[in-house]
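Structure file structure-v1.cif; described as mmCIF, C-alpha atoms.
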data_structure
#
loop_
_atom_site.group_PDB
_atom_site.id
_atom_site.type_symbol
_atom_site.label_atom_id
_atom_site.label_comp_id
_atom_site.auth_asym_id
_atom_site.auth_seq_id
_atom_site.Cartn_x
_atom_site.Cartn_y
_atom_site.Cartn_z
ATOM 1 C CA MET U 1 -48.226 2.709 -29.169
ATOM 2 C CA HIS U 2 -46.070 2.276 -26.058
ATOM 3 C CA ASP U 3 -45.649 -1.210 -24.502
ATOM 4 C CA ARG U 4 -45.719 -1.089 -20.721
ATOM 5 C CA GLY U 5 -43.965 -4.487 -20.442
ATOM 6 C CA LEU U 6 -43.528 -5.619 -16.874
ATOM 7 C CA ILE U 7 -45.049 -2.461 -15.445
ATOM 8 C CA LYS U 8 -48.568 -3.809 -15.997
ATOM 9 C CA TRP U 9 -47.761 -6.809 -13.774
ATOM 10 C CA ALA U 10 -46.486 -4.691 -10.884
ATOM 11 C CA PRO U 11 -49.845 -4.625 -9.020
ATOM 12 C CA PHE U 12 -49.749 -8.409 -8.633
ATOM 13 C CA ALA U 13 -46.347 -8.219 -6.988
ATOM 14 C CA SER U 14 -47.615 -5.627 -4.558
ATOM 15 C CA VAL U 15 -50.128 -8.032 -3.020
ATOM 16 C CA ILE U 16 -49.067 -8.591 0.568
ATOM 17 C CA ASN U 17 -46.562 -11.440 0.532
ATOM 18 C CA GLY U 18 -47.555 -12.232 -3.059
ATOM 19 C CA HIS U 19 -44.135 -13.515 -4.078
ATOM 20 C CA GLN U 20 -43.695 -15.394 -0.828
ATOM 21 C CA LEU U 21 -47.129 -16.996 -1.143
ATOM 22 C CA LEU U 22 -46.423 -18.154 -4.712
ATOM 23 C CA LYS U 23 -43.058 -19.517 -3.622
ATOM 24 C CA GLU U 24 -44.666 -21.464 -0.756
ATOM 25 C CA ILE U 25 -47.335 -22.887 -3.057
ATOM 26 C CA HIS U 26 -44.709 -23.997 -5.561
ATOM 27 C CA GLU U 27 -42.589 -25.493 -2.747
ATOM 28 C CA GLU U 28 -45.552 -27.421 -1.358
ATOM 29 C CA LYS U 29 -46.530 -28.785 -4.789
ATOM 30 C CA SER U 30 -43.003 -30.025 -5.506
ATOM 31 C CA ARG U 31 -42.683 -32.065 -2.280
ATOM 32 C CA ILE U 32 -42.490 -35.838 -2.537
ATOM 33 C CA THR U 33 -42.839 -38.649 -0.045
ATOM 34 C CA LYS U 34 -39.717 -40.344 1.209
ATOM 35 C CA PRO U 35 -38.784 -43.427 -0.835
ATOM 36 C CA THR U 36 -38.904 -46.698 1.089
ATOM 37 C CA LEU U 37 -35.822 -48.900 1.012
ATOM 38 C CA SER U 38 -35.771 -52.663 1.448
ATOM 39 C CA GLU U 39 -33.669 -54.350 4.123
ATOM 40 C CA ASP U 40 -31.189 -55.438 1.431
ATOM 41 C CA GLN U 41 -30.852 -51.882 0.158
ATOM 42 C CA ILE U 42 -30.228 -50.601 3.679
ATOM 43 C CA ASN U 43 -27.557 -53.258 4.281
ATOM 44 C CA TYR U 44 -25.922 -52.375 0.970
ATOM 45 C CA LEU U 45 -25.845 -48.675 1.913
ATOM 46 C CA GLU U 46 -24.221 -49.532 5.249
ATOM 47 C CA GLU U 47 -21.512 -51.555 3.478
ATOM 48 C CA ILE U 48 -20.842 -48.808 0.938
ATOM 49 C CA ILE U 49 -20.683 -46.127 3.638
ATOM 50 C CA LEU U 50 -18.084 -48.109 5.595
ATOM 51 C CA GLU U 51 -16.084 -48.825 2.441
ATOM 52 C CA ILE U 52 -15.946 -45.244 1.211
ATOM 53 C CA TYR U 53 -15.277 -43.941 4.731
ATOM 54 C CA THR U 54 -12.350 -46.260 5.438
ATOM 55 C CA SER U 55 -10.894 -45.897 1.931
ATOM 56 C CA LYS U 56 -11.569 -42.139 1.720
ATOM 57 C CA ILE U 57 -13.206 -42.650 -1.673
ATOM 58 C CA PRO U 58 -15.247 -39.702 -2.991
ATOM 59 C CA ALA U 59 -18.911 -40.445 -3.551
ATOM 60 C CA THR U 60 -22.183 -38.913 -4.653
ATOM 61 C CA ILE U 61 -24.835 -39.262 -1.968
ATOM 62 C CA TYR U 62 -28.537 -38.779 -2.628
ATOM 63 C CA PHE U 63 -30.600 -38.008 0.459
ATOM 64 C CA TYR U 64 -34.140 -37.051 1.381
ATOM 65 C CA GLU U 65 -34.757 -33.868 3.355
ATOM 66 C CA TYR U 66 -37.900 -31.776 3.883
ATOM 67 C CA GLY U 67 -39.847 -33.368 1.027
ATOM 68 C CA HIS U 68 -37.066 -33.202 -1.574
ATOM 69 C CA ILE U 69 -34.189 -35.350 -2.761
ATOM 70 C CA TYR U 70 -30.801 -33.654 -2.772
ATOM 71 C CA LYS U 71 -27.367 -34.768 -3.859
ATOM 72 C CA ILE U 72 -23.971 -33.976 -2.423
ATOM 73 C CA GLU U 73 -20.547 -35.009 -3.605
ATOM 74 C CA GLY U 74 -17.543 -35.479 -1.385
ATOM 75 C CA ILE U 75 -15.787 -37.663 1.140
ATOM 76 C CA ILE U 76 -17.322 -39.008 4.337
ATOM 77 C CA THR U 77 -15.182 -37.463 7.052
ATOM 78 C CA LYS U 78 -17.053 -38.732 10.114
ATOM 79 C CA ILE U 79 -19.542 -41.415 11.118
ATOM 80 C CA ASN U 80 -21.484 -40.832 14.339
ATOM 81 C CA THR U 81 -22.981 -44.152 15.451
ATOM 82 C CA VAL U 82 -24.811 -42.565 18.390
ATOM 83 C CA THR U 83 -26.855 -40.100 16.330
ATOM 84 C CA LYS U 84 -26.686 -42.323 13.222
ATOM 85 C CA GLU U 85 -25.423 -39.627 10.918
ATOM 86 C CA ILE U 86 -22.479 -39.083 8.612
ATOM 87 C CA THR U 87 -20.532 -35.924 7.896
ATOM 88 C CA ILE U 88 -19.564 -35.051 4.332
ATOM 89 C CA ASN U 89 -16.526 -32.819 3.671
ATOM 90 C CA ASN U 90 -16.553 -31.743 7.353
ATOM 91 C CA GLN U 91 -19.614 -29.613 6.508
ATOM 92 C CA LYS U 92 -22.918 -31.377 5.904
ATOM 93 C CA ASN U 93 -24.431 -33.859 8.365
ATOM 94 C CA ILE U 94 -26.855 -36.406 6.920
ATOM 95 C CA PHE U 95 -28.890 -38.868 8.950
ATOM 96 C CA PHE U 96 -28.403 -42.418 7.747
ATOM 97 C CA MET U 97 -32.161 -42.982 7.539
ATOM 98 C CA ASN U 98 -32.372 -40.147 4.965
ATOM 99 C CA ILE U 99 -29.783 -41.620 2.587
ATOM 100 C CA ILE U 100 -31.377 -43.051 -0.525
ATOM 101 C CA ARG U 101 -28.489 -43.851 -2.837
ATOM 102 C CA ILE U 102 -24.693 -43.751 -2.890
ATOM 103 C CA ILE U 103 -22.510 -43.830 -5.976
ATOM 104 C CA LYS U 104 -18.772 -44.359 -5.521
ATOM 105 C CA LYS U 105 -16.554 -42.180 -7.665
ATOM 106 C CA MET U 106 -13.974 -43.969 -9.728
ATOM 107 C CA LEU U 107 -10.490 -42.767 -8.940
ATOM 108 C CA ASP U 108 -8.205 -41.929 -11.867
ATOM 109 C CA PHE U 109 -4.676 -43.226 -11.532
#
Let me see the file written as structure tokens.
Amino acid sequence: MHDRGLIKWAPFASVINGHQLLKEIHEEKSRITKPTLSEDQINYLEEIILEIYTSKIPATIYFYEYGHIYKIEGIITKINTVTKEITINNQKNIFFMNIIRIIKKMLDF
């Protein structure tokens, strides 16, 4: 007896946008609501941001974007007070209101 393996599942993949539809469903189910921070937590984040920016200390920053929490590691290279966003590693811009948590990296001497 010959096993057809993945061949028998091929018709499901041929459904118009079948893979895309499954991906969108999975994406929608995995979304979360943005965590709410207290005033003290927000003040603490502001202090940490200024400290790691002025000292050029690497940090891990957790931020909320499009229903998910992401993390990025690096150095804050720019703070834009007009748009209220920070730039990490001269690449990624993050709005301050989306930052959830910051962990300073310990420097090895």
> Counting only C-alpha atoms, which of U:Ile48, U:Gly74, U:Ile99, U:Thr87 gets nearest to U:Pro35?
Replying inline: U:Ile99
> Hey, can you check how far atom CA of U:Ala59 sits from atom CA of U:Glu85?
Replying inline: 15.9 Å
>> Show me the residues close to (-25.2, -43.0, -3.4) - anything with an atom within 6 Å, counting all atoms listed in the file - and format the list as JSON, numbers by chain.
In response: {"U": [60, 61, 62, 101, 102, 103]}
If you apply the PyMOL selection byres ((chain U and resi 68) around 10) to this file, what residues do you get, as a CSV table (one decimal) with C-alpha atoms, in the frame of the given file?
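Result went into part23.csv, see below:
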chain,number,residue,atom,x,y,z
U,27,GLU,CA,-42.6,-25.5,-2.7
U,30,SER,CA,-43.0,-30.0,-5.5
U,31,ARG,CA,-42.7,-32.1,-2.3
U,32,ILE,CA,-42.5,-35.8,-2.5
U,33,THR,CA,-42.8,-38.6,0.0
U,34,LYS,CA,-39.7,-40.3,1.2
U,63,PHE,CA,-30.6,-38.0,0.5
U,64,TYR,CA,-34.1,-37.1,1.4
U,65,GLU,CA,-34.8,-33.9,3.4
U,66,TYR,CA,-37.9,-31.8,3.9
U,67,GLY,CA,-39.8,-33.4,1.0
U,69,ILE,CA,-34.2,-35.4,-2.8
U,70,TYR,CA,-30.8,-33.7,-2.8
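One finds atom CA of U:Lys92 at 20.4 Å from atom CA of U:Glu47.
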To box stretch 32-37 of chain U, take all atoms listed in the file, fit an axis-aligned box, add 6 Å on each side, and give centre and edge lengths in Å to one decimal, as JSON.
{"center_x": -39.3, "center_y": -42.4, "center_z": -0.7, "size_x": 19.0, "size_y": 25.1, "size_z": 15.7}
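Note that the spacing between atom CA of U:Ile94 and atom CA of U:Glu28 amounts to 22.3 Å.
Shortest atom-to-atom contact with U:Ile88 among U:Met106, U:Leu37, U:Ile100, U:Ile57: U:Ile57, counting all atoms listed in the file.
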Got a minute to add N, CA, C and O atoms to stretch 62-74 of chain U and dump it as a compact mmCIF listing (two decimals), keeping the file's coordinate frame?
# COMPACT_ATOMS: atom_id res chain seq x y z
N TYR U 62 -27.19 -39.32 -2.45
CA TYR U 62 -28.54 -38.78 -2.63
C TYR U 62 -29.27 -38.99 -1.31
O TYR U 62 -29.27 -40.08 -0.76
N PHE U 63 -29.90 -37.91 -0.82
CA PHE U 63 -30.60 -38.01 0.46
C PHE U 63 -31.91 -37.22 0.42
O PHE U 63 -32.09 -36.30 -0.36
N TYR U 64 -32.81 -37.65 1.27
CA TYR U 64 -34.14 -37.05 1.38
C TYR U 64 -34.14 -36.07 2.55
O TYR U 64 -33.67 -36.39 3.64
N GLU U 65 -34.68 -34.87 2.30
CA GLU U 65 -34.76 -33.87 3.36
C GLU U 65 -35.89 -32.90 3.05
O GLU U 65 -35.93 -32.32 1.97
N TYR U 66 -36.80 -32.75 3.98
CA TYR U 66 -37.90 -31.78 3.88
C TYR U 66 -38.70 -31.92 2.59
O TYR U 66 -39.04 -30.93 1.94
N GLY U 67 -38.99 -33.15 2.18
CA GLY U 67 -39.85 -33.37 1.03
C GLY U 67 -39.15 -33.31 -0.31
O GLY U 67 -39.80 -33.33 -1.35
N HIS U 68 -37.82 -33.27 -0.32
CA HIS U 68 -37.07 -33.20 -1.57
C HIS U 68 -35.88 -34.15 -1.51
O HIS U 68 -35.40 -34.50 -0.44
N ILE U 69 -35.39 -34.54 -2.67
CA ILE U 69 -34.19 -35.35 -2.76
C ILE U 69 -33.06 -34.45 -3.23
O ILE U 69 -33.18 -33.76 -4.23
N TYR U 70 -31.97 -34.46 -2.47
CA TYR U 70 -30.80 -33.65 -2.77
C TYR U 70 -29.61 -34.57 -3.04
O TYR U 70 -29.63 -35.74 -2.68
N LYS U 71 -28.59 -34.01 -3.63
CA LYS U 71 -27.37 -34.77 -3.86
C LYS U 71 -26.19 -33.93 -3.41
O LYS U 71 -26.18 -32.71 -3.53
N ILE U 72 -25.20 -34.63 -2.86
CA ILE U 72 -23.97 -33.98 -2.42
C ILE U 72 -22.81 -34.87 -2.83
O ILE U 72 -22.93 -36.10 -2.79
N GLU U 73 -21.73 -34.26 -3.22
CA GLU U 73 -20.55 -35.01 -3.60
C GLU U 73 -19.42 -34.69 -2.63
O GLU U 73 -19.27 -33.54 -2.22
N GLY U 74 -18.67 -35.71 -2.27
CA GLY U 74 -17.54 -35.48 -1.38
C GLY U 74 -17.09 -36.74 -0.71
O GLY U 74 -17.41 -37.85 -1.13
